[in-house]
Every structure is written in C-alpha cells, then in structure tokens.
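Heads up, entry25.txt below (compact mmCIF, C-alpha atoms):
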```
# COMPACT_ATOMS: atom_id res chain seq x y z
CA MET A 1 29.56 -229.77 -9.36
CA PRO A 2 28.13 -233.16 -10.44
CA ASP A 3 24.37 -233.24 -10.71
CA THR A 4 24.03 -236.95 -9.99
CA PRO A 5 25.51 -237.88 -6.67
CA GLU A 6 27.21 -241.21 -6.24
CA GLU A 7 24.80 -243.93 -5.14
CA ARG A 8 25.77 -244.96 -1.62
CA PRO A 9 22.92 -246.16 0.57
CA ASN A 10 23.15 -245.52 4.31
CA GLU A 11 24.03 -249.10 5.24
CA ASN A 12 27.18 -249.08 3.07
CA ARG A 13 28.67 -246.11 4.82
CA PRO A 14 31.92 -246.82 6.71
CA LEU A 15 31.43 -247.26 10.45
CA ILE A 16 33.81 -244.40 11.18
CA GLU A 17 31.38 -241.92 9.62
CA TRP A 18 28.64 -243.02 12.03
CA ILE A 19 31.08 -242.92 14.96
CA PHE A 20 32.00 -239.35 14.07
CA GLY A 21 28.33 -238.54 13.71
CA ALA A 22 27.43 -240.08 17.07
CA ALA A 23 30.30 -238.31 18.87
CA SER A 24 29.24 -235.01 17.30
CA ALA A 25 25.63 -235.63 18.33
CA ILE A 26 26.77 -236.09 21.94
CA LEU A 27 28.80 -232.84 21.86
CA VAL A 28 25.99 -230.79 20.29
CA THR A 29 23.48 -232.25 22.75
CA ALA A 30 25.80 -231.34 25.62
CA LEU A 31 26.06 -227.78 24.25
CA ILE A 32 22.29 -227.46 23.99
CA ALA A 33 21.83 -228.93 27.48
CA PHE A 34 24.35 -226.47 28.95
CA LEU A 35 22.70 -223.47 27.27
CA ALA A 36 19.24 -224.64 28.33
CA HIS A 37 20.43 -225.11 31.94
CA GLU A 38 22.00 -221.64 31.95
CA ALA A 39 18.86 -220.15 30.41
CA MET A 40 16.60 -221.67 33.06
CA PHE A 41 18.69 -221.65 36.23
CA ALA A 42 21.60 -219.18 35.88
CA GLY A 43 21.31 -215.95 37.80
CA ASN A 44 20.90 -212.50 36.29
CA ILE A 45 22.69 -210.40 38.87
CA PRO A 46 23.48 -206.97 37.40
CA PRO A 47 27.12 -205.91 37.03
CA ASN A 48 28.90 -205.78 40.38
CA LEU A 49 32.19 -204.03 39.65
CA VAL A 50 35.17 -204.03 41.99
CA ALA A 51 38.53 -202.35 41.29
CA GLN A 52 41.65 -203.29 43.23
CA ILE A 53 45.21 -202.06 43.03
CA VAL A 54 47.51 -204.95 42.12
CA GLU A 55 50.92 -203.32 41.98
CA VAL A 56 52.49 -199.88 42.26
CA GLU A 57 55.77 -199.74 40.41
CA PRO A 58 58.14 -196.80 39.92
CA LEU A 59 58.98 -195.89 36.32
CA ASP A 60 61.56 -193.53 34.81
CA THR A 61 58.81 -190.99 34.15
CA GLY A 62 56.53 -191.53 37.15
CA THR A 63 54.64 -194.42 38.75
CA SER A 64 52.68 -197.26 37.21
CA VAL A 65 49.54 -198.19 39.14
CA LYS A 66 48.36 -201.60 37.94
CA PHE A 67 44.84 -202.59 38.83
CA ALA A 68 42.35 -205.42 38.34
CA LEU A 69 38.73 -204.69 37.57
CA SER A 70 36.42 -207.62 38.26
CA ASN A 71 32.74 -208.00 37.53
CA ARG A 72 31.17 -210.26 40.17
CA GLY A 73 27.73 -209.97 38.60
CA ASP A 74 26.24 -212.22 35.92
CA GLU A 75 25.60 -209.53 33.32
CA ALA A 76 28.20 -207.71 31.22
CA ALA A 77 28.86 -204.00 31.63
CA SER A 78 30.02 -201.64 28.92
CA ALA A 79 31.65 -198.20 29.00
CA VAL A 80 33.02 -198.84 32.48
CA THR A 81 34.96 -195.77 33.60
CA LEU A 82 37.58 -195.96 36.35
CA VAL A 83 38.80 -192.80 38.01
CA LEU A 84 42.11 -192.63 39.87
CA SER A 85 42.46 -189.92 42.47
CA VAL A 86 45.53 -188.82 44.36
CA PRO A 87 44.33 -186.41 47.07
CA GLY A 88 47.61 -184.53 47.14
CA THR A 89 50.17 -185.01 49.84
CA GLU A 90 53.73 -185.12 48.60
CA VAL A 91 52.66 -184.78 44.95
CA GLU A 92 50.11 -182.48 43.37
CA ALA A 93 46.47 -183.58 43.60
CA MET A 94 45.28 -185.20 40.35
CA GLN A 95 42.56 -187.28 38.72
CA LYS A 96 42.91 -189.65 35.79
CA SER A 97 40.38 -191.93 34.11
CA ILE A 98 40.36 -195.08 31.95
CA GLU A 99 37.36 -196.53 30.13
CA PHE A 100 36.88 -200.24 29.43
CA ASP A 101 34.69 -201.07 26.43
CA TYR A 102 33.30 -204.24 28.07
CA VAL A 103 33.62 -206.18 31.29
CA PRO A 104 31.73 -209.49 30.96
CA GLY A 105 30.06 -211.14 33.91
CA HIS A 106 32.47 -213.04 36.22
CA ALA A 107 35.41 -211.66 34.23
CA ILE A 108 38.52 -209.75 35.21
CA ARG A 109 40.14 -206.96 33.21
CA GLN A 110 43.51 -205.44 33.98
CA GLY A 111 45.09 -202.10 33.22
CA ALA A 112 47.43 -199.45 34.58
CA PHE A 113 47.39 -195.72 35.31
CA ILE A 114 50.60 -193.79 34.82
CA VAL A 115 50.95 -190.94 37.29
CA PRO A 116 53.81 -188.43 37.50
CA GLY A 117 56.08 -188.46 40.52
CA ASP A 118 56.56 -191.02 43.23
CA VAL A 119 53.19 -192.15 44.58
CA ALA A 120 52.52 -194.77 47.26
CA ALA A 121 49.60 -197.20 47.14
CA LYS A 122 48.10 -195.75 50.34
CA ASP A 123 47.73 -192.35 48.66
CA ILE A 124 45.75 -193.69 45.69
CA ALA A 125 42.01 -194.23 45.37
CA ILE A 126 40.38 -195.92 42.37
CA ASP A 127 36.63 -195.46 41.93
CA ILE A 128 34.19 -196.76 39.37
CA SER A 129 32.13 -193.91 38.02
CA GLY A 130 29.53 -196.04 36.25
CA TYR A 131 28.67 -198.31 33.37
CA ALA A 132 26.16 -198.78 30.58
CA GLU A 133 24.33 -201.89 29.36
CA PRO A 134 26.06 -203.38 26.32
CA MET B 1 30.31 -227.76 -13.76
CA ASN B 2 30.55 -224.29 -15.17
CA ALA B 3 33.07 -223.63 -17.91
CA LYS B 4 36.32 -222.27 -16.56
CA PRO B 5 37.66 -219.01 -17.95
CA GLN B 6 40.53 -219.63 -20.30
CA SER B 7 43.60 -217.60 -21.00
CA PRO B 8 46.33 -218.24 -23.55
CA ALA B 9 49.06 -220.42 -21.98
CA PRO B 10 52.41 -218.62 -21.80
CA ALA B 11 55.04 -220.29 -24.01
CA THR B 12 57.99 -220.10 -21.62
CA ALA B 13 58.55 -221.49 -18.14
CA SER B 14 59.18 -218.01 -16.76
CA GLY B 15 55.93 -216.82 -18.35
CA ARG B 16 54.01 -219.65 -16.68
CA ALA B 17 55.68 -218.97 -13.35
CA LEU B 18 54.74 -215.29 -13.63
CA ARG B 19 51.17 -216.20 -14.53
CA ASP B 20 50.93 -218.60 -11.56
CA PHE B 21 52.35 -215.95 -9.24
CA GLY B 22 49.82 -213.43 -10.55
CA ARG B 23 46.97 -215.87 -9.97
CA ALA B 24 48.19 -216.65 -6.47
CA ALA B 25 48.55 -212.94 -5.65
CA GLY B 26 45.06 -212.32 -7.03
CA GLY B 27 43.63 -215.10 -4.88
CA ALA B 28 45.48 -213.82 -1.82
CA LEU B 29 44.12 -210.33 -2.47
CA ILE B 30 40.50 -211.48 -2.83
CA PHE B 31 40.58 -213.58 0.32
CA SER B 32 42.49 -211.21 2.57
CA LEU B 33 41.24 -207.78 1.43
CA PRO B 34 38.42 -207.50 4.02
CA MET B 35 40.91 -208.31 6.76
CA LEU B 36 43.63 -206.04 5.35
CA MET B 37 41.16 -203.16 5.66
CA THR B 38 40.00 -204.02 9.20
CA MET B 39 41.44 -201.92 12.01
CA GLU B 40 41.23 -204.65 14.65
CA LEU B 41 43.57 -206.85 12.59
CA TRP B 42 46.22 -204.10 12.45
CA GLN B 43 46.00 -203.67 16.22
CA LEU B 44 46.14 -207.40 16.88
CA GLY B 45 49.31 -207.47 14.77
CA PHE B 46 51.23 -205.57 17.42
CA TYR B 47 49.59 -206.61 20.69
CA LEU B 48 48.71 -210.25 20.11
CA ASP B 49 50.68 -212.73 22.19
CA ARG B 50 53.49 -214.00 19.95
CA VAL B 51 52.96 -217.59 21.09
CA ARG B 52 49.38 -217.50 19.77
CA LEU B 53 50.53 -215.92 16.51
CA LEU B 54 53.11 -218.68 16.15
CA VAL B 55 50.44 -221.32 16.86
CA LEU B 56 48.24 -219.77 14.15
CA VAL B 57 50.99 -219.86 11.53
CA LEU B 58 52.16 -223.36 12.55
CA ALA B 59 48.58 -224.67 12.45
CA ALA B 60 48.14 -223.11 9.03
CA LEU B 61 51.09 -225.04 7.55
CA PRO B 62 49.53 -228.55 7.62
CA MET B 63 46.16 -227.05 6.66
CA LEU B 64 47.69 -225.36 3.60
CA PHE B 65 49.55 -228.54 2.76
CA PHE B 66 46.38 -230.65 2.74
CA LEU B 67 44.52 -227.91 0.90
CA SER B 68 47.22 -227.98 -1.74
CA ARG B 69 46.60 -231.73 -2.11
CA GLN B 70 43.06 -230.84 -3.13
CA ILE B 71 43.43 -227.55 -5.00
CA GLY B 72 46.89 -226.17 -5.70
CA PHE B 73 48.10 -223.35 -7.86
CA GLU B 74 50.59 -225.75 -9.42
CA ASP B 75 49.53 -229.10 -10.84
CA THR B 76 51.36 -231.06 -8.18
CA ARG B 77 51.70 -234.79 -7.69
CA SER B 78 54.23 -235.38 -4.92
CA TRP B 79 54.00 -234.47 -1.22
CA ARG B 80 57.20 -232.44 -1.59
CA ASP B 81 55.57 -230.26 -4.22
CA ASP B 82 52.60 -229.67 -1.96
CA VAL B 83 54.89 -228.57 0.87
CA ILE B 84 56.56 -226.14 -1.54
CA ASP B 85 53.14 -224.94 -2.77
CA ALA B 86 52.01 -224.26 0.80
CA LEU B 87 55.19 -222.30 1.56
CA ILE B 88 54.95 -220.34 -1.71
CA ALA B 89 51.32 -219.52 -0.90
CA LEU B 90 52.40 -218.14 2.49
CA GLY B 91 55.18 -216.16 0.79
CA VAL B 92 52.83 -214.71 -1.84
CA ALA B 93 50.32 -213.81 0.89
CA ALA B 94 53.08 -212.10 2.90
CA ILE B 95 54.18 -210.02 -0.11
CA THR B 96 50.58 -209.09 -0.95
CA SER B 97 49.90 -208.09 2.67
CA LEU B 98 53.12 -206.08 2.88
CA VAL B 99 52.32 -204.08 -0.28
CA LEU B 100 48.68 -203.43 0.66
CA LEU B 101 49.41 -202.52 4.30
CA ILE B 102 52.05 -200.00 3.12
CA LEU B 103 49.55 -198.53 0.63
CA PHE B 104 46.88 -198.26 3.37
CA GLY B 105 49.34 -196.52 5.68
CA ALA B 106 49.09 -199.35 8.22
CA LEU B 107 52.84 -199.96 7.83
CA GLY B 108 55.33 -197.14 7.71
CA PRO B 109 58.55 -195.67 9.03
CA GLY B 110 59.02 -195.59 12.77
CA MET B 111 57.42 -198.97 13.38
CA SER B 112 59.39 -201.72 15.07
CA ALA B 113 60.25 -204.94 13.20
CA ASP B 114 58.08 -206.79 15.72
CA GLU B 115 55.02 -204.70 14.82
CA ILE B 116 55.61 -205.02 11.06
CA ILE B 117 56.11 -208.79 11.23
CA GLY B 118 53.09 -209.20 13.51
CA LYS B 119 50.81 -207.22 11.19
CA ILE B 120 51.92 -209.24 8.16
CA ALA B 121 51.91 -212.64 9.91
CA ILE B 122 48.31 -212.30 11.04
CA GLN B 123 47.20 -211.55 7.47
CA MET B 124 49.17 -214.39 5.89
CA VAL B 125 46.79 -217.23 6.70
CA PRO B 126 43.63 -216.06 4.85
CA GLY B 127 45.81 -214.72 2.04
CA ALA B 128 47.58 -218.07 1.67
CA ILE B 129 44.23 -219.89 1.48
CA GLY B 130 43.22 -217.54 -1.33
CA ALA B 131 46.55 -218.03 -3.09
CA LEU B 132 46.13 -221.81 -3.06
CA LEU B 133 42.53 -221.66 -4.20
CA ALA B 134 43.26 -219.31 -7.08
CA LYS B 135 44.22 -222.22 -9.31
CA GLY B 136 40.86 -223.86 -8.64
CA GLN B 137 39.08 -220.78 -9.96
CA PHE B 138 41.32 -220.11 -12.95
CA ARG B 139 42.30 -223.69 -13.90
CA ASP B 140 43.05 -224.39 -17.56
CA THR B 141 40.71 -226.77 -19.37
CA GLY B 142 43.56 -229.23 -19.91
CA GLU B 143 43.47 -229.99 -16.19
CA GLU B 144 39.81 -230.99 -16.05
CA GLU B 145 40.67 -234.52 -15.03
CA ALA B 146 41.86 -233.16 -11.71
CA GLU B 147 38.19 -232.37 -10.96
CA GLU B 148 37.39 -236.06 -10.80
CA LYS B 149 39.20 -236.75 -7.53
CA ASP B 150 37.40 -239.16 -5.21
CA GLU B 151 35.95 -237.30 -2.27
CA THR B 152 36.68 -238.90 1.08
CA TYR B 153 34.75 -238.30 4.31
CA GLY B 154 37.87 -236.92 5.94
CA GLY B 155 38.49 -234.67 2.93
CA GLU B 156 34.94 -233.37 3.15
CA LEU B 157 35.31 -232.50 6.85
CA PHE B 158 38.70 -230.93 6.12
CA LEU B 159 37.19 -228.65 3.48
CA MET B 160 34.46 -227.74 5.97
CA ALA B 161 37.19 -226.79 8.46
CA VAL B 162 38.89 -224.55 5.88
CA GLY B 163 35.55 -222.93 4.98
CA ALA B 164 34.81 -222.34 8.67
CA LEU B 165 38.29 -220.95 9.26
CA PHE B 166 38.02 -218.58 6.32
CA LEU B 167 34.64 -217.07 7.23
CA GLY B 168 35.38 -217.18 10.96
CA PHE B 169 38.69 -215.39 10.39
CA ASN B 170 36.77 -212.46 8.89
CA MET B 171 34.61 -212.05 11.99
CA ALA B 172 36.62 -213.30 14.99
CA PRO B 173 38.83 -210.20 15.46
CA THR B 174 35.91 -207.73 15.42
CA GLU B 175 34.42 -206.21 18.58
CA GLU B 176 30.98 -207.00 17.28
CA MET B 177 31.41 -210.73 17.96
CA MET B 178 31.83 -210.07 21.66
CA LEU B 179 29.19 -207.35 21.77
CA ILE B 180 26.63 -209.68 20.18
CA SER B 181 27.43 -212.44 22.67
CA PHE B 182 27.05 -210.03 25.62
CA ARG B 183 23.72 -208.75 24.35
CA MET B 184 22.31 -212.23 23.75
CA SER B 185 20.58 -214.35 26.35
CA GLU B 186 21.05 -218.14 26.48
CA TRP B 187 17.63 -218.46 24.80
CA HIS B 188 18.98 -216.43 21.88
CA ALA B 189 22.03 -218.71 21.79
CA LEU B 190 19.83 -221.82 21.70
CA ALA B 191 17.90 -220.35 18.78
CA LEU B 192 21.18 -219.51 17.03
CA VAL B 193 22.41 -223.11 17.46
CA GLY B 194 19.16 -224.30 15.88
CA LEU B 195 19.45 -221.81 13.03
CA SER B 196 23.10 -222.71 12.42
CA LEU B 197 22.25 -226.41 12.26
CA GLY B 198 19.20 -225.79 10.07
CA LEU B 199 21.05 -223.60 7.59
CA MET B 200 24.01 -225.97 7.54
CA HIS B 201 21.76 -228.88 6.80
CA GLY B 202 20.01 -226.86 4.11
CA PHE B 203 23.35 -226.18 2.44
CA VAL B 204 24.68 -229.72 2.93
CA PHE B 205 21.59 -231.74 2.14
CA ALA B 206 19.07 -229.76 0.13
CA VAL B 207 21.38 -227.55 -1.88
CA GLY B 208 24.15 -230.14 -2.08
CA PHE B 209 27.03 -227.70 -1.56
CA ALA B 210 28.93 -230.33 0.43
CA GLY B 211 30.45 -231.75 -2.70
CA GLY B 212 27.70 -233.90 -4.17
CA SER B 213 29.60 -237.15 -3.97
CA GLN B 214 29.00 -237.70 -0.26
CA ILE B 215 25.19 -237.68 -0.25
CA SER B 216 23.18 -240.29 -2.11
CA GLN B 217 19.73 -239.52 -3.42
CA ASP B 218 18.57 -242.53 -1.37
CA GLU B 219 20.12 -241.26 1.85
CA SER B 220 17.63 -240.10 4.45
CA MET B 221 17.65 -236.57 5.72
CA TRP B 222 18.59 -237.82 9.21
CA GLY B 223 21.43 -239.93 7.84
CA ALA B 224 23.03 -236.90 6.20
CA PHE B 225 22.30 -234.84 9.32
CA ILE B 226 24.15 -237.26 11.58
CA ARG B 227 27.04 -238.05 9.21
CA LEU B 228 27.76 -234.58 7.82
CA THR B 229 25.80 -231.74 9.39
CA LEU B 230 26.51 -232.53 13.06
CA PRO B 231 30.25 -233.24 12.57
CA GLY B 232 30.42 -230.17 10.32
CA TYR B 233 28.91 -228.02 13.09
CA VAL B 234 31.34 -229.43 15.65
CA VAL B 235 34.19 -228.63 13.24
CA ALA B 236 32.82 -225.08 12.82
CA LEU B 237 32.54 -224.61 16.61
CA SER B 238 36.08 -225.97 17.09
CA MET B 239 37.50 -223.55 14.52
CA SER B 240 35.55 -220.72 16.16
CA LEU B 241 36.94 -221.53 19.60
CA PHE B 242 40.45 -221.78 18.15
CA LEU B 243 40.13 -218.38 16.47
CA LEU B 244 38.68 -216.75 19.59
CA TRP B 245 41.62 -218.09 21.59
CA VAL B 246 44.18 -216.97 18.98
CA PHE B 247 42.70 -213.45 18.95
CA ALA B 248 42.66 -213.35 22.78
CA ARG B 249 38.88 -213.05 22.85
CA THR B 250 38.51 -215.77 25.49
CA ASP B 251 40.90 -214.15 27.97
CA GLY B 252 39.35 -213.39 31.32
CA LEU B 253 35.93 -214.75 30.30
CA SER B 254 33.90 -217.21 32.32
CA PHE B 255 33.17 -220.64 30.81
CA GLY B 256 29.61 -219.60 30.01
CA ASP B 257 30.75 -216.45 28.17
CA VAL B 258 33.28 -218.49 26.16
CA VAL B 259 30.47 -220.85 25.12
CA MET B 260 28.27 -217.91 24.13
CA ALA B 261 31.03 -216.26 22.07
CA THR B 262 31.81 -219.60 20.40
CA VAL B 263 28.15 -220.10 19.45
CA VAL B 264 28.02 -216.57 18.01
CA LEU B 265 31.17 -217.00 15.92
CA GLY B 266 30.01 -220.53 15.16
CA PHE B 267 27.17 -219.11 13.09
CA PRO B 268 29.30 -217.59 10.29
CA SER B 269 31.77 -220.45 10.66
CA ALA B 270 28.96 -222.98 10.16
CA ILE B 271 27.85 -221.17 7.01
CA GLY B 272 31.47 -221.13 5.84
CA ALA B 273 31.81 -224.85 6.55
CA ALA B 274 28.58 -225.82 4.82
CA SER B 275 29.21 -223.65 1.78
CA ALA B 276 32.90 -224.58 1.58
CA ARG B 277 32.39 -225.97 -1.90
CA LEU B 278 30.78 -222.72 -3.00
CA VAL B 279 33.28 -220.42 -1.30
CA LEU B 280 36.39 -222.51 -1.94
```

Using the file provided, produce a representation of the structure as structure tokens.
Amino acid sequence: MPDTPEERPNENRPLIEWIFGAASAILVTALIAFLAHEAMFAGNIPPNLVAQIVEVEPLDTGTSVKFALSNRGDEAASAVTLVLSVPGTEVEAMQKSIEFDYVPGHAIRQGAFIVPGDVAAKDIAIDISGYAEP
Amino acid sequence: MNAKPQSPAPATASGRALRDFGRAAGGALIFSLPMLMTMELWQLGFYLDRVRLLVLVLAALPMLFFLSRQIGFEDTRSWRDDVIDALIALGVAAITSLVLLILFGALGPGMSADEIIGKIAIQMVPGAIGALLAKGQFRDTGEEEAEEKDETYGGELFLMAVGALFLGFNMAPTEEMMLISFRMSEWHALALVGLSLGLMHGFVFAVGFAGGSQISQDESMWGAFIRLTLPGYVVALSMSLFLLWVFARTDGLSFGDVVMATVVLGFPSAIGAASARLVL
C-alpha cells in the first residue's frame, strides 16, 4: 500500500463523488431518524400469539394441517410451542407439538402438522403452550 | 508494499495452468472454509428458494467479472479474458466445495440432484471471490506493474461492496444475526449505527485501508466522511439487505424488524467494506 497518498484537495474532487456522498448522507440520516422515532414512540406490547388453521389437506399417509402463527405484539417470542389436539371422534385421540425458534413482532410464521387418518378441520384444536424471551 | 512470496515459475504452459489452478483452489478454500463448515449453509442449500439462489449466482457473475478486472488469477487484458476468469473461478469454487462437502459428509448417496446442486451453488460465490483474489496474494514479482493501477471512485466503492459481501456472507445465514436483532432495542441499533460509522471512518481515514490513493493528506476528516465513509456504509447496508433477502431472513418480518436485522448485519459488512483492501 503506498505510504504517500495522491495529492487531491477537496475542491478538485469530481462532483459525482459529492453527489454520492450527499445521497448517502440523506439515506443514513433517514435510517437514524427512523430508529430514533421507533425508539421513542413505538410500542412495547409483549408477544400476542394467535394460531389459525389455514388448510386441511388429505395426503397419502394421513392429513396435512397447515397453520399460520402470527405475533400481534411488538416484541419477539422464542421457543414458541404449538400443540395440536384431536379429541377423538372417528380417529384415535392424539396430541402433536411443533416448536418455532423465533416469532418476531408483527410477523407471521407458517407450518403444518401431519396427522394419521382422515381428520376434518372442525375436529382439530391448535393451542399455544407458551414462549420465552429471546 | 510488502514483498510478495515467490515461487519458481513452471517452465511449461501446463505447469503454469496447474499452478494457477492450485492457487485458485487455495484461495477458494481459504475464503469458503468457514461457510463450508457451517450447518445453516448446508440446510439453506436444500430449502432456499431456487429463484433467490439463481439471483445470487447471477448477481455474482458481473461482480466476479469486475473483480477480475482488478485482481485476477490470470494476467488478463481483454474483457473476454475476464469473463473466462470469472467463470473459471466459479468452476474452481464449485469443485472445491464439492470435494470438501463430500469429505465433511454433507454430500452423500441418497441425496437428490437438487439438494447437491443447491448446497454447492450457495458455496460457490465466496469461493469464487477467494479464487480470483488468490493471484493478488501470490503474484509473481514480474507483475508488480499491475499494482500501479489508477484507483477510481467507482472502483473503490466496488471493492467496498465485495468486502461487505464477503464478510456479510459469513454471518447472514446464521441464526445469531436474527437473535441479536430481536434482543436489541432501537437504542442499541442507533449505537451500532454510530459504532459502524465510527469504525468505518477509522479504517478509511485514519488507517488508510481504503486504498491510499483516494484520500489526500490535505483532505478534511469530514470530506472523507462524506465522500467515502457514508457511501461505503450505504453500500454495506445494501449488501446486508440483499444477503438477508437471499437467505430468506426477511420473510414474514415487519419493516422495523428488517431494518434492525439489516443494521445488525451491516456491522460486519461495514467492517468488511472498510477493510476491503486489507481483506482482499
């Protein structure tokens, strides 16, 4: 690496370099303003988790129960465990669980349970057993 | 400039080609080894959306081409040669990844072609950067004149982008990036933006890692900050956002969470951008 940098005073710099610099300054200022606004005025509602069945689809080996897990709170939740229960009508009663590593605030995560036999949506219950702070 | 290590030049063309291939493979290995031994990268290889993987490889092609214009593992002159260099670098990186992933047991019988190709493709980009840069590290003394290329502003920002991509690529697929962003408050993020800018400026201005030719001794600290540090940070944030999108880390996140994750990944990317001359 050269020890003596090329002599180029500020005023001889091409205009495009200052335009790039000014545009970047605007973007970084906008980023800082957004973060500062969020820091001062954004809410801190704890995780508010809601699980909903999206689709129940028969498979060769059973039934796929697709669900959406949304976090309506502001804060992220970790180790979110969902438990699917089928009380037992035409098929044998069962419980299955899935754990999500993280569900950020205002985010939606999707997944699916696979249950044996032919199960209807009305016979399925999905509960959230709890979460931990990240 | 430090003296470059020298090795006896092979007498035959095939000997030189073998030596160049060895250098390229060595560079690919050095640059991609941390990622080859990261579990998240193996998993991304089979579940990552193929469109995003294609975008990553297609975006890497022009980047490798322009990188070859600066530092190639063949002493190229024409644009055609640089295209060939970029493709060879990708090929060498693919072979290196294939061999290492088989040795690590990450590739084996029973895997679909889609999974094997996905796992190799995702490793090709950092490996190809290393393959191209290998010549810069092991260049013969007879090629010293190539060091005296005029540095352009665009070239400087481009090298910053490659440095940001390289360091960001190491971190973006890991769970820790997201975990850190979830644990941080916006006040932490503001402090991290300040630290990123401060460290970048330290590298660019005080230490002079940004190439030396772009900053005059007469230039004020604020002049260098506006011309190089701020655009460099925007480049680092852009590369971070691109990598987070490629690795599906932005999916299902709110705008605020995407900003937070970008700022977190932007920290190593900013260091990579500012120290591009040191790393690359």

Practice prompt. For stretch 73-79 of chain A, please output as an NGL selection string all residues within 12 Å (counting all atoms listed in the file; exclusion window: fewer than 3 positions along the same chain).
Written response: (:A and (38 or 42-50 or 69-70 or 82 or 97-109 or 128-134)) or (:B and (178-186 or 253-254 or 256-257))

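Counting from atom CA of A:Ala30, the distance to atom CA of B:Ile226 is 15.3 Å.
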
Worksheet item: Any idea what's packed within 8 Å of B:Val204, counting all atoms listed in the file, ignoring anything in its chain fewer than 6 positions away? Could you give it as a list in words?
Response: Ala210, Leu228, Thr229, Ala274 and Ser275 of chain B

Export, as an mmCIF file, keeping the file's coordinate frame, the selected residues with C-alpha atoms.
```
data_model
loop_
_atom_site.group_PDB
_atom_site.id
_atom_site.type_symbol
_atom_site.label_atom_id
_atom_site.label_comp_id
_atom_site.auth_asym_id
_atom_site.auth_seq_id
_atom_site.Cartn_x
_atom_site.Cartn_y
_atom_site.Cartn_z
ATOM 1 C CA ALA B 210 28.930 -230.330 0.430
ATOM 2 C CA LEU B 228 27.760 -234.580 7.820
ATOM 3 C CA THR B 229 25.800 -231.740 9.390
ATOM 4 C CA ALA B 274 28.580 -225.820 4.820
ATOM 5 C CA SER B 275 29.210 -223.650 1.780
#
```

Worksheet item: Quick one, how far is atom CA of B:Arg23 from atom CA of B:Pro173?
Response: 27.3 Å

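Nearest residue to chain A among B:Leu241, B:Leu197, B:Leu33, B:Ile120 is B:Leu197, counting only C-alpha atoms.
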
Item to complete: For B:Arg227, list every protein, DNA or RNA residue within 9 Å, evaluated using all atoms listed in the file, and leave out those in the same chain fewer than 3 positions away; present the list as a ChimeraX atom specification.
Response: /A:17-22,24 /B:222-224,230-232

Restricted to C-alpha atoms, what would the selected residues look like written as an mmCIF file, in the coordinates of the input?
```cif
data_model
loop_
_atom_site.group_PDB
_atom_site.id
_atom_site.type_symbol
_atom_site.label_atom_id
_atom_site.label_comp_id
_atom_site.auth_asym_id
_atom_site.auth_seq_id
_atom_site.Cartn_x
_atom_site.Cartn_y
_atom_site.Cartn_z
ATOM 1 C CA GLU A 17 31.380 -241.920 9.620
ATOM 2 C CA TRP A 18 28.640 -243.020 12.030
ATOM 3 C CA ILE A 19 31.080 -242.920 14.960
ATOM 4 C CA PHE A 20 32.000 -239.350 14.070
ATOM 5 C CA GLY A 21 28.330 -238.540 13.710
ATOM 6 C CA ALA A 22 27.430 -240.080 17.070
ATOM 7 C CA SER A 24 29.240 -235.010 17.300
ATOM 8 C CA TRP B 222 18.590 -237.820 9.210
ATOM 9 C CA GLY B 223 21.430 -239.930 7.840
ATOM 10 C CA ALA B 224 23.030 -236.900 6.200
ATOM 11 C CA LEU B 230 26.510 -232.530 13.060
ATOM 12 C CA PRO B 231 30.250 -233.240 12.570
ATOM 13 C CA GLY B 232 30.420 -230.170 10.320
#
```

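Of the residues listed (A:Gly62, A:Asn71, A:Ile53, A:Val80), A:Asn71 shows the shortest atom-to-atom separation from chain B; distances use only C-alpha atoms.
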
Worksheet, complete the sentence: If you count all atoms listed in the file, the residue of A:Leu15, A:Ala23, A:Ala68, A:Ala39 closest to chain B turns out to be A:Ala39

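Minimum atom-to-atom distances from A:Asp118, A:Arg72, A:Gln95, A:Asp60 to chain B were compared using all atoms listed in the file, and the lowest value belongs to A:Arg72.
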
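Minimum atom-to-atom distances from A:Gln52, A:Thr61, A:Ser85, A:Gln110 to chain B were compared using only C-alpha atoms, and the lowest value belongs to A:Gln110.
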
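For the set B:Val235, B:Ala24, B:Val99, B:Met160, the residue with the smallest atom-to-atom gap to B:Leu278 is B:Met160, counting only C-alpha atoms.
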
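When atom CA of B:Met221 is paired with atom CA of A:Ala33, their separation reads 23.4 Å.
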
Worksheet entry | Point (46.8, -206.3, 15.2) neighbourhood (12 Å, all atoms listed in the file) written as a PyMOL selection string | chain B and resi 35-50+53+101+106-107+114-123+173-174+246-248

Could you model all heavy atoms for stretch 236-240 of chain B and present them as an mmCIF file, keeping the file's coordinate frame?
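Now in result.cif:
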```cif
data_model
loop_
_atom_site.group_PDB
_atom_site.id
_atom_site.type_symbol
_atom_site.label_atom_id
_atom_site.label_comp_id
_atom_site.auth_asym_id
_atom_site.auth_seq_id
_atom_site.Cartn_x
_atom_site.Cartn_y
_atom_site.Cartn_z
ATOM 1 N N ALA B 236 32.969 -226.540 12.875
ATOM 2 C CA ALA B 236 32.820 -225.080 12.820
ATOM 3 C C ALA B 236 32.988 -224.470 14.215
ATOM 4 O O ALA B 236 33.662 -223.441 14.375
ATOM 5 C CB ALA B 236 31.451 -224.714 12.252
ATOM 6 N N LEU B 237 32.399 -225.118 15.241
ATOM 7 C CA LEU B 237 32.540 -224.610 16.610
ATOM 8 C C LEU B 237 34.003 -224.710 17.076
ATOM 9 O O LEU B 237 34.511 -223.803 17.744
ATOM 10 C CB LEU B 237 31.643 -225.391 17.568
ATOM 11 C CG LEU B 237 30.136 -225.128 17.474
ATOM 12 C CD1 LEU B 237 29.381 -226.037 18.442
ATOM 13 C CD2 LEU B 237 29.792 -223.675 17.769
ATOM 14 N N SER B 238 34.665 -225.802 16.704
ATOM 15 C CA SER B 238 36.080 -225.970 17.090
ATOM 16 C C SER B 238 36.944 -224.889 16.463
ATOM 17 O O SER B 238 37.815 -224.313 17.131
ATOM 18 C CB SER B 238 36.589 -227.354 16.668
ATOM 19 O OG SER B 238 35.777 -228.368 17.197
ATOM 20 N N MET B 239 36.722 -224.605 15.193
ATOM 21 C CA MET B 239 37.500 -223.550 14.520
ATOM 22 C C MET B 239 37.197 -222.202 15.161
ATOM 23 O O MET B 239 38.097 -221.358 15.310
ATOM 24 C CB MET B 239 37.160 -223.499 13.030
ATOM 25 C CG MET B 239 37.512 -224.743 12.239
ATOM 26 S SD MET B 239 39.184 -225.363 12.505
ATOM 27 C CE MET B 239 40.155 -224.123 11.712
ATOM 28 N N SER B 240 35.936 -221.993 15.533
ATOM 29 C CA SER B 240 35.550 -220.720 16.160
ATOM 30 C C SER B 240 36.266 -220.545 17.496
ATOM 31 O O SER B 240 36.812 -219.478 17.781
ATOM 32 C CB SER B 240 34.034 -220.687 16.395
ATOM 33 O OG SER B 240 33.348 -220.844 15.183
#
```
